[in-house]
file entry25.cif (mmCIF, C-alpha atoms; chains and numbers go by the auth columns)
data_coords
#
loop_
_atom_site.group_PDB
_atom_site.id
_atom_site.type_symbol
_atom_site.label_atom_id
_atom_site.label_comp_id
_atom_site.label_asym_id
_atom_site.label_seq_id
_atom_site.Cartn_x
_atom_site.Cartn_y
_atom_site.Cartn_z
_atom_site.B_iso_or_equiv
_atom_site.auth_seq_id
_atom_site.auth_asym_id
ATOM 1 C CA MET A 1 13.829 -170.531 159.071 0.00 95 A
ATOM 2 C CA ILE A 2 11.162 -171.593 161.562 0.00 96 A
ATOM 3 C CA THR A 3 8.883 -168.863 160.207 0.00 97 A
ATOM 4 C CA ILE A 4 8.729 -170.669 156.863 0.00 98 A
ATOM 5 C CA TRP A 5 7.075 -173.666 158.487 0.00 99 A
ATOM 6 C CA GLY A 6 4.614 -171.512 160.426 0.00 100 A
ATOM 7 C CA MET A 7 3.569 -169.500 157.380 0.00 101 A
ATOM 8 C CA MET A 8 3.179 -172.630 155.295 0.00 102 A
ATOM 9 C CA SER A 9 0.890 -174.379 157.780 0.00 103 A
ATOM 10 C CA ASP A 10 -1.923 -174.654 155.198 0.00 104 A
ATOM 11 C CA TYR A 11 0.387 -176.605 152.880 0.00 105 A
ATOM 12 C CA SER A 12 1.842 -180.075 153.056 0.00 106 A
ATOM 13 C CA VAL A 13 5.559 -179.350 153.407 0.00 107 A
ATOM 14 C CA GLU A 14 8.171 -182.087 153.608 0.00 108 A
ATOM 15 C CA PRO A 15 11.906 -181.543 153.995 0.00 109 A
ATOM 16 C CA ILE A 16 14.236 -183.271 151.530 0.00 110 A
ATOM 17 C CA ASN A 17 17.262 -185.024 153.050 0.00 111 A
ATOM 18 C CA ASP A 18 16.176 -183.904 156.547 0.00 112 A
ATOM 19 C CA GLY A 19 17.346 -180.369 155.887 0.00 113 A
ATOM 20 C CA ILE A 20 15.608 -177.014 155.822 0.00 114 A
ATOM 21 C CA SER A 21 17.104 -175.703 152.588 0.00 115 A
ATOM 22 C CA GLU A 22 15.236 -178.171 150.320 0.00 116 A
ATOM 23 C CA LEU A 23 11.508 -178.788 150.586 0.00 117 A
ATOM 24 C CA LYS A 24 8.680 -180.375 148.653 0.00 118 A
ATOM 25 C CA VAL A 25 5.408 -178.491 148.902 0.00 119 A
ATOM 26 C CA GLU A 26 2.033 -179.805 147.765 0.00 120 A
ATOM 27 C CA PHE A 27 0.425 -177.249 145.466 0.00 121 A
ATOM 28 C CA HIS A 28 -3.189 -177.358 144.247 0.00 122 A
ATOM 29 C CA GLY A 29 -4.175 -175.887 140.877 0.00 123 A
ATOM 30 C CA PRO A 30 -6.036 -172.595 141.332 0.00 124 A
ATOM 31 C CA LYS A 31 -9.827 -172.442 141.188 0.00 125 A
ATOM 32 C CA ASP A 32 -11.332 -171.390 137.853 0.00 126 A
ATOM 33 C CA SER A 33 -8.204 -172.403 135.962 0.00 127 A
ATOM 34 C CA LEU A 34 -7.554 -175.310 133.588 0.00 128 A
ATOM 35 C CA TYR A 35 -5.388 -176.743 136.385 0.00 129 A
ATOM 36 C CA GLU A 36 -8.157 -176.828 139.009 0.00 130 A
ATOM 37 C CA GLY A 37 -8.270 -180.239 140.661 0.00 131 A
ATOM 38 C CA GLY A 38 -4.622 -180.970 139.889 0.00 132 A
ATOM 39 C CA ILE A 39 -2.056 -181.422 142.656 0.00 133 A
ATOM 40 C CA TRP A 40 1.664 -180.937 142.122 0.00 134 A
ATOM 41 C CA LYS A 41 4.705 -181.417 144.259 0.00 135 A
ATOM 42 C CA ILE A 42 6.853 -178.315 144.002 0.00 136 A
ATOM 43 C CA ARG A 43 10.531 -178.668 144.828 0.00 137 A
ATOM 44 C CA VAL A 44 11.843 -175.599 146.639 0.00 138 A
ATOM 45 C CA GLU A 45 15.538 -174.971 147.200 0.00 139 A
ATOM 46 C CA LEU A 46 16.405 -172.089 149.498 0.00 140 A
ATOM 47 C CA PRO A 47 19.817 -170.531 148.845 0.00 141 A
ATOM 48 C CA ASP A 48 22.047 -169.599 151.792 0.00 142 A
ATOM 49 C CA ALA A 49 21.268 -165.929 151.163 0.00 143 A
ATOM 50 C CA TYR A 50 17.461 -166.447 151.295 0.00 144 A
ATOM 51 C CA PRO A 51 15.369 -164.228 151.582 0.00 145 A
ATOM 52 C CA TYR A 52 17.791 -161.842 149.868 0.00 146 A
ATOM 53 C CA LYS A 53 18.283 -164.325 147.040 0.00 147 A
ATOM 54 C CA SER A 54 15.281 -165.997 145.389 0.00 148 A
ATOM 55 C CA PRO A 55 14.462 -169.658 145.984 0.00 149 A
ATOM 56 C CA SER A 56 14.706 -172.129 143.136 0.00 150 A
ATOM 57 C CA ILE A 57 11.373 -173.800 142.415 0.00 151 A
ATOM 58 C CA GLY A 58 10.240 -176.498 140.031 0.00 152 A
ATOM 59 C CA PHE A 59 7.356 -178.855 139.387 0.00 153 A
ATOM 60 C CA VAL A 60 8.216 -182.463 140.310 0.00 154 A
ATOM 61 C CA ASN A 61 5.294 -184.116 138.510 0.00 155 A
ATOM 62 C CA LYS A 62 4.563 -183.089 134.927 0.00 156 A
ATOM 63 C CA ILE A 63 2.485 -180.107 133.921 0.00 157 A
ATOM 64 C CA PHE A 64 1.626 -178.823 130.429 0.00 158 A
ATOM 65 C CA HIS A 65 2.208 -175.067 130.517 0.00 159 A
ATOM 66 C CA PRO A 66 4.003 -172.613 128.212 0.00 160 A
ATOM 67 C CA ASN A 67 6.169 -171.250 131.045 0.00 161 A
ATOM 68 C CA VAL A 68 7.182 -174.542 132.682 0.00 162 A
ATOM 69 C CA ASP A 69 9.912 -176.735 131.197 0.00 163 A
ATOM 70 C CA GLU A 70 8.347 -180.145 130.633 0.00 164 A
ATOM 71 C CA LEU A 71 11.519 -182.142 131.313 0.00 165 A
ATOM 72 C CA SER A 72 13.048 -180.298 134.292 0.00 166 A
ATOM 73 C CA GLY A 73 9.894 -178.724 135.765 0.00 167 A
ATOM 74 C CA SER A 74 11.681 -175.379 136.082 0.00 168 A
ATOM 75 C CA VAL A 75 9.520 -172.277 135.978 0.00 169 A
ATOM 76 C CA CYS A 76 9.905 -169.106 133.915 0.00 170 A
ATOM 77 C CA LEU A 77 8.609 -166.442 136.268 0.00 171 A
ATOM 78 C CA ASP A 78 10.174 -162.955 136.392 0.00 172 A
ATOM 79 C CA VAL A 79 9.259 -162.350 140.003 0.00 173 A
ATOM 80 C CA ILE A 80 11.302 -165.382 141.021 0.00 174 A
ATOM 81 C CA ASN A 81 14.088 -165.192 138.443 0.00 175 A
ATOM 82 C CA GLN A 82 14.769 -161.449 138.119 0.00 176 A
ATOM 83 C CA THR A 83 12.646 -159.198 140.289 0.00 177 A
ATOM 84 C CA TRP A 84 12.767 -161.110 143.587 0.00 178 A
ATOM 85 C CA SER A 85 12.664 -158.968 146.724 0.00 179 A
ATOM 86 C CA PRO A 86 13.399 -159.929 150.355 0.00 180 A
ATOM 87 C CA MET A 87 9.875 -158.619 151.035 0.00 181 A
ATOM 88 C CA PHE A 88 8.522 -161.765 149.367 0.00 182 A
ATOM 89 C CA ASP A 89 8.348 -165.131 151.083 0.00 183 A
ATOM 90 C CA LEU A 90 7.320 -168.690 150.230 0.00 184 A
ATOM 91 C CA LEU A 91 3.696 -167.882 150.931 0.00 185 A
ATOM 92 C CA ASN A 92 3.780 -165.281 148.113 0.00 186 A
ATOM 93 C CA ILE A 93 5.050 -167.967 145.747 0.00 187 A
ATOM 94 C CA PHE A 94 2.300 -170.460 146.570 0.00 188 A
ATOM 95 C CA GLU A 95 -0.606 -168.058 147.081 0.00 189 A
ATOM 96 C CA VAL A 96 0.135 -165.418 144.435 0.00 190 A
ATOM 97 C CA PHE A 97 2.938 -166.104 141.949 0.00 191 A
ATOM 98 C CA LEU A 98 2.245 -169.738 140.985 0.00 192 A
ATOM 99 C CA PRO A 99 -1.563 -169.319 140.862 0.00 193 A
ATOM 100 C CA GLN A 100 -1.127 -166.262 138.607 0.00 194 A
ATOM 101 C CA LEU A 101 1.272 -168.194 136.381 0.00 195 A
ATOM 102 C CA LEU A 102 -1.293 -170.985 135.943 0.00 196 A
ATOM 103 C CA LEU A 103 -4.222 -168.607 135.473 0.00 197 A
ATOM 104 C CA TYR A 104 -2.403 -166.326 133.015 0.00 198 A
ATOM 105 C CA PRO A 105 0.185 -168.228 130.938 0.00 199 A
ATOM 106 C CA ASN A 106 2.508 -166.139 128.790 0.00 200 A
ATOM 107 C CA PRO A 107 3.076 -167.960 125.465 0.00 201 A
ATOM 108 C CA SER A 108 5.341 -165.165 124.180 0.00 202 A
ATOM 109 C CA ASP A 109 8.078 -166.121 126.696 0.00 203 A
ATOM 110 C CA PRO A 110 7.929 -169.928 126.636 0.00 204 A
ATOM 111 C CA LEU A 111 9.980 -172.665 128.290 0.00 205 A
ATOM 112 C CA ASN A 112 7.701 -175.224 126.632 0.00 206 A
ATOM 113 C CA GLY A 113 7.503 -174.260 122.945 0.00 207 A
ATOM 114 C CA ASP A 114 4.952 -176.976 122.160 0.00 208 A
ATOM 115 C CA ALA A 115 2.541 -175.697 124.814 0.00 209 A
ATOM 116 C CA ALA A 116 3.050 -172.082 123.724 0.00 210 A
ATOM 117 C CA SER A 117 2.435 -172.723 120.015 0.00 211 A
ATOM 118 C CA LEU A 118 -0.538 -174.984 120.693 0.00 212 A
ATOM 119 C CA MET A 119 -2.042 -172.330 122.993 0.00 213 A
ATOM 120 C CA MET A 120 -1.712 -169.700 120.251 0.00 214 A
ATOM 121 C CA LYS A 121 -2.779 -171.919 117.320 0.00 215 A
ATOM 122 C CA ASP A 122 -5.494 -174.164 118.777 0.00 216 A
ATOM 123 C CA ARG A 123 -6.808 -173.051 122.157 0.00 217 A
ATOM 124 C CA LYS A 124 -9.294 -175.935 122.413 0.00 218 A
ATOM 125 C CA GLN A 125 -6.631 -178.591 121.814 0.00 219 A
ATOM 126 C CA TYR A 126 -4.282 -176.794 124.237 0.00 220 A
ATOM 127 C CA GLU A 127 -6.945 -176.878 126.965 0.00 221 A
ATOM 128 C CA GLN A 128 -7.595 -180.554 126.280 0.00 222 A
ATOM 129 C CA ARG A 129 -3.863 -181.326 126.629 0.00 223 A
ATOM 130 C CA VAL A 130 -3.612 -179.386 129.918 0.00 224 A
ATOM 131 C CA LYS A 131 -6.534 -181.379 131.354 0.00 225 A
ATOM 132 C CA GLU A 132 -5.061 -184.624 130.047 0.00 226 A
ATOM 133 C CA TYR A 133 -1.773 -183.913 131.866 0.00 227 A
ATOM 134 C CA CYS A 134 -3.694 -183.047 135.047 0.00 228 A
ATOM 135 C CA GLU A 135 -5.503 -186.371 134.766 0.00 229 A
ATOM 136 C CA ARG A 136 -2.339 -188.397 134.099 0.00 230 A
ATOM 137 C CA TYR A 137 0.212 -186.711 136.367 0.00 231 A
ATOM 138 C CA ALA A 138 -1.523 -184.501 138.943 0.00 232 A
ATOM 139 C CA LYS A 139 -4.008 -186.728 140.759 0.00 233 A
ATOM 140 C CA LYS A 140 -3.694 -187.303 144.496 0.00 234 A
ATOM 141 C CA GLU A 141 -2.913 -191.012 144.039 0.00 235 A
ATOM 142 C CA ASN A 142 -0.119 -190.184 141.543 0.00 236 A
ATOM 143 C CA ILE A 143 1.702 -187.682 143.703 0.00 237 A
ATOM 144 C CA SER A 144 1.431 -189.514 147.008 0.00 238 A
ATOM 145 C CA SER A 145 3.939 -192.067 145.718 0.00 239 A
ATOM 146 C CA ILE A 146 6.463 -189.477 144.556 0.00 240 A
ATOM 147 C CA ASN A 147 9.681 -189.466 146.522 0.00 241 A
ATOM 148 C CA SER A 148 13.221 -188.497 145.600 0.00 242 A
ATOM 149 C CA GLU A 149 14.325 -191.960 144.462 0.00 243 A
ATOM 150 C CA GLU A 150 11.256 -192.707 142.326 0.00 244 A
ATOM 151 C CA THR A 151 11.055 -189.275 140.740 0.00 245 A
ATOM 152 C CA ASP A 152 14.212 -189.507 138.625 0.00 246 A
ATOM 153 C CA GLU A 153 13.310 -192.943 137.269 0.00 247 A
ATOM 154 C CA ASP A 154 9.651 -192.105 136.656 0.00 248 A
ATOM 155 C CA ILE A 155 10.438 -188.879 134.867 0.00 249 A
ATOM 156 C CA SER A 156 13.092 -190.386 132.617 0.00 250 A
ATOM 157 C CA ASN A 157 10.812 -193.277 131.629 0.00 251 A
ATOM 158 C CA GLU A 158 7.841 -190.984 131.019 0.00 252 A
ATOM 159 C CA ASP A 159 9.912 -188.523 129.019 0.00 253 A
ATOM 160 C CA ILE A 160 11.095 -191.240 126.669 0.00 254 A
ATOM 161 C CA SER A 161 7.589 -192.483 125.953 0.00 255 A
ATOM 162 C CA ASP A 162 6.084 -188.984 125.828 0.00 256 A
ATOM 163 C CA GLY A 163 8.742 -187.864 123.364 0.00 257 A
ATOM 164 C CA GLN A 164 7.703 -190.662 121.041 0.00 258 A
ATOM 165 C CA SER A 165 3.958 -190.212 121.432 0.00 259 A
ATOM 166 C CA THR A 166 3.985 -186.453 120.850 0.00 260 A
ATOM 167 C CA SER A 167 6.542 -186.290 118.050 0.00 261 A
ATOM 168 C CA SER A 168 4.090 -185.321 115.300 0.00 262 A
ATOM 169 C CA ASP A 169 0.777 -183.546 115.030 0.00 263 A
ATOM 170 C CA ASP A 170 -0.891 -186.762 113.878 0.00 264 A
ATOM 171 C CA ASN A 171 0.151 -188.549 117.039 0.00 265 A
ATOM 172 C CA ILE A 172 -0.905 -185.653 119.276 0.00 266 A
ATOM 173 C CA ALA A 173 -4.492 -185.978 118.099 0.00 267 A
ATOM 174 C CA GLY A 174 -4.292 -189.729 118.738 0.00 268 A
ATOM 175 C CA VAL A 175 -3.123 -189.319 122.352 0.00 269 A
ATOM 176 C CA ALA A 176 -6.667 -188.642 123.521 0.00 270 A
ATOM 177 C CA ASP A 177 -7.983 -191.815 121.885 0.00 271 A
ATOM 178 C CA PRO A 178 -8.197 -194.828 124.219 0.00 272 A
#

call {"tool": "encode", "arguments": {"input": "entry25.cif", "output": "structure tokens"}}
result
Amino acid sequence: MITIWGMMSDYSVEPINDGISELKVEFHGPKDSLYEGGIWKIRVELPDAYPYKSPSIGFVNKIFHPNVDELSGSVCLDVINQTWSPMFDLLNIFEVFLPQLLLYPNPSDPLNGDAASLMMKDRKQYEQRVKEYCERYAKKENISSINSEETDEDISNEDISDGQSTSSDDNIAGVADP
């Protein structure tokens, strides 16, 4: 397990509950993507059989993306869910798999149906919503306060209000208005 820490030296990695099987890793949106400038905490859970079994990963702070569940933060990514190989490691996830997911969303296999349909129907509005989420949830000052206790409360409160504010197309257009 020590090798994980060494390989991840370019990332801010913090153990959860003082263990080595659960981590939070700071992940920056890839350059030249809609997510550039955003910072997310990614929760990583390593199963006992790691690296032979894939880790479980999820976004802690919100992100608007067709292949990321908005409520749970879980990620739809074949290479993690189905085609994982012991040849991969955490560095592959943070330097290859997640950046590719953010650069090349797949709206035909969505976990977030709203993001997928908006991406296919109105690309400009989709891009605006992605940037809005980055601004609201993925700024350095927002994520520095995230810890295990606050996360559950913050997410449940935000989800309630977000569910109301994005319930119809009329309201979606109004979200950007001050």

call {"tool": "closest_residue", "arguments": {"input": "entry25.cif", "among": "A:Leu197, A:Val190, A:Ala232, A:Val224", "to": "Phe158 (chain A)", "atoms": "all atoms listed in the file"}}
result
A:Val224

call {"tool": "resolve_selection", "arguments": {"input": "entry25.cif", "expression": "the PyMOL selection byres ((chain A and resi 147-150) around 8)", "output": "list of chain:residue names"}}
result
A:Arg137, A:Val138, A:Glu139, A:Leu140, A:Pro141, A:Ala143, A:Tyr144, A:Pro145, A:Tyr146, A:Ile151, A:Gly152, A:Ile174, A:Asn175, A:Trp178, A:Ser179, A:Pro180

call {"tool": "atom_distance", "arguments": {"input": "entry25.cif", "atom1": "CA of Glu221 (chain A)", "atom2": "CA of Ile187 (chain A)"}}
result
24.0 Å

call {"tool": "closest_residue", "arguments": {"input": "entry25.cif", "among": "A:Phe188, A:Phe182, A:Tyr105, A:Tyr231", "to": "Lys156 (chain A)", "atoms": "all atoms listed in the file"}}
result
A:Tyr231

call {"tool": "atom_distance", "arguments": {"input": "entry25.cif", "atom1": "CA of Cys170 (chain A)", "atom2": "CA of Glu189 (chain A)"}}
result
16.9 Å

call {"tool": "resolve_selection", "arguments": {"input": "entry25.cif", "expression": "the PyMOL selection byres ((chain A and resi 118) around 7)", "output": "list in words"}}
result
Val107, Glu108, Pro109, Ile110, Leu117, Val119, Glu120, Lys135, Ile136, Arg137 and Val138 of chain A

call {"tool": "residues_around", "arguments": {"input": "entry25.cif", "residues": "Tyr227 (chain A)", "least_positions_apart": "2", "cutoff": "12 Å", "atoms": "only C-alpha atoms", "output": "ChimeraX atom specification"}}
result
/A:128-134,155-159,164,209,220-225,229-233,236,252,256,269-270

call {"tool": "atom_distance", "arguments": {"input": "entry25.cif", "atom1": "CA of Glu235 (chain A)", "atom2": "CA of Phe121 (chain A)"}}
result
14.2 Å

call {"tool": "closest_residue", "arguments": {"input": "entry25.cif", "among": "A:Asp216, A:Asp163, A:Asp172, A:Glu226", "to": "Pro204 (chain A)", "atoms": "all atoms listed in the file"}}
result
A:Asp163

call {"tool": "closest_residue", "arguments": {"input": "entry25.cif", "among": "A:Ser127, A:Gln194, A:Asn186, A:Asn206", "to": "Ser166 (chain A)", "atoms": "all atoms listed in the file"}}
result
A:Asn206

call {"tool": "closest_residue", "arguments": {"input": "entry25.cif", "among": "A:Asn161, A:Gln176, A:Gln219, A:Ser115", "to": "Leu205 (chain A)", "atoms": "all atoms listed in the file"}}
result
A:Asn161
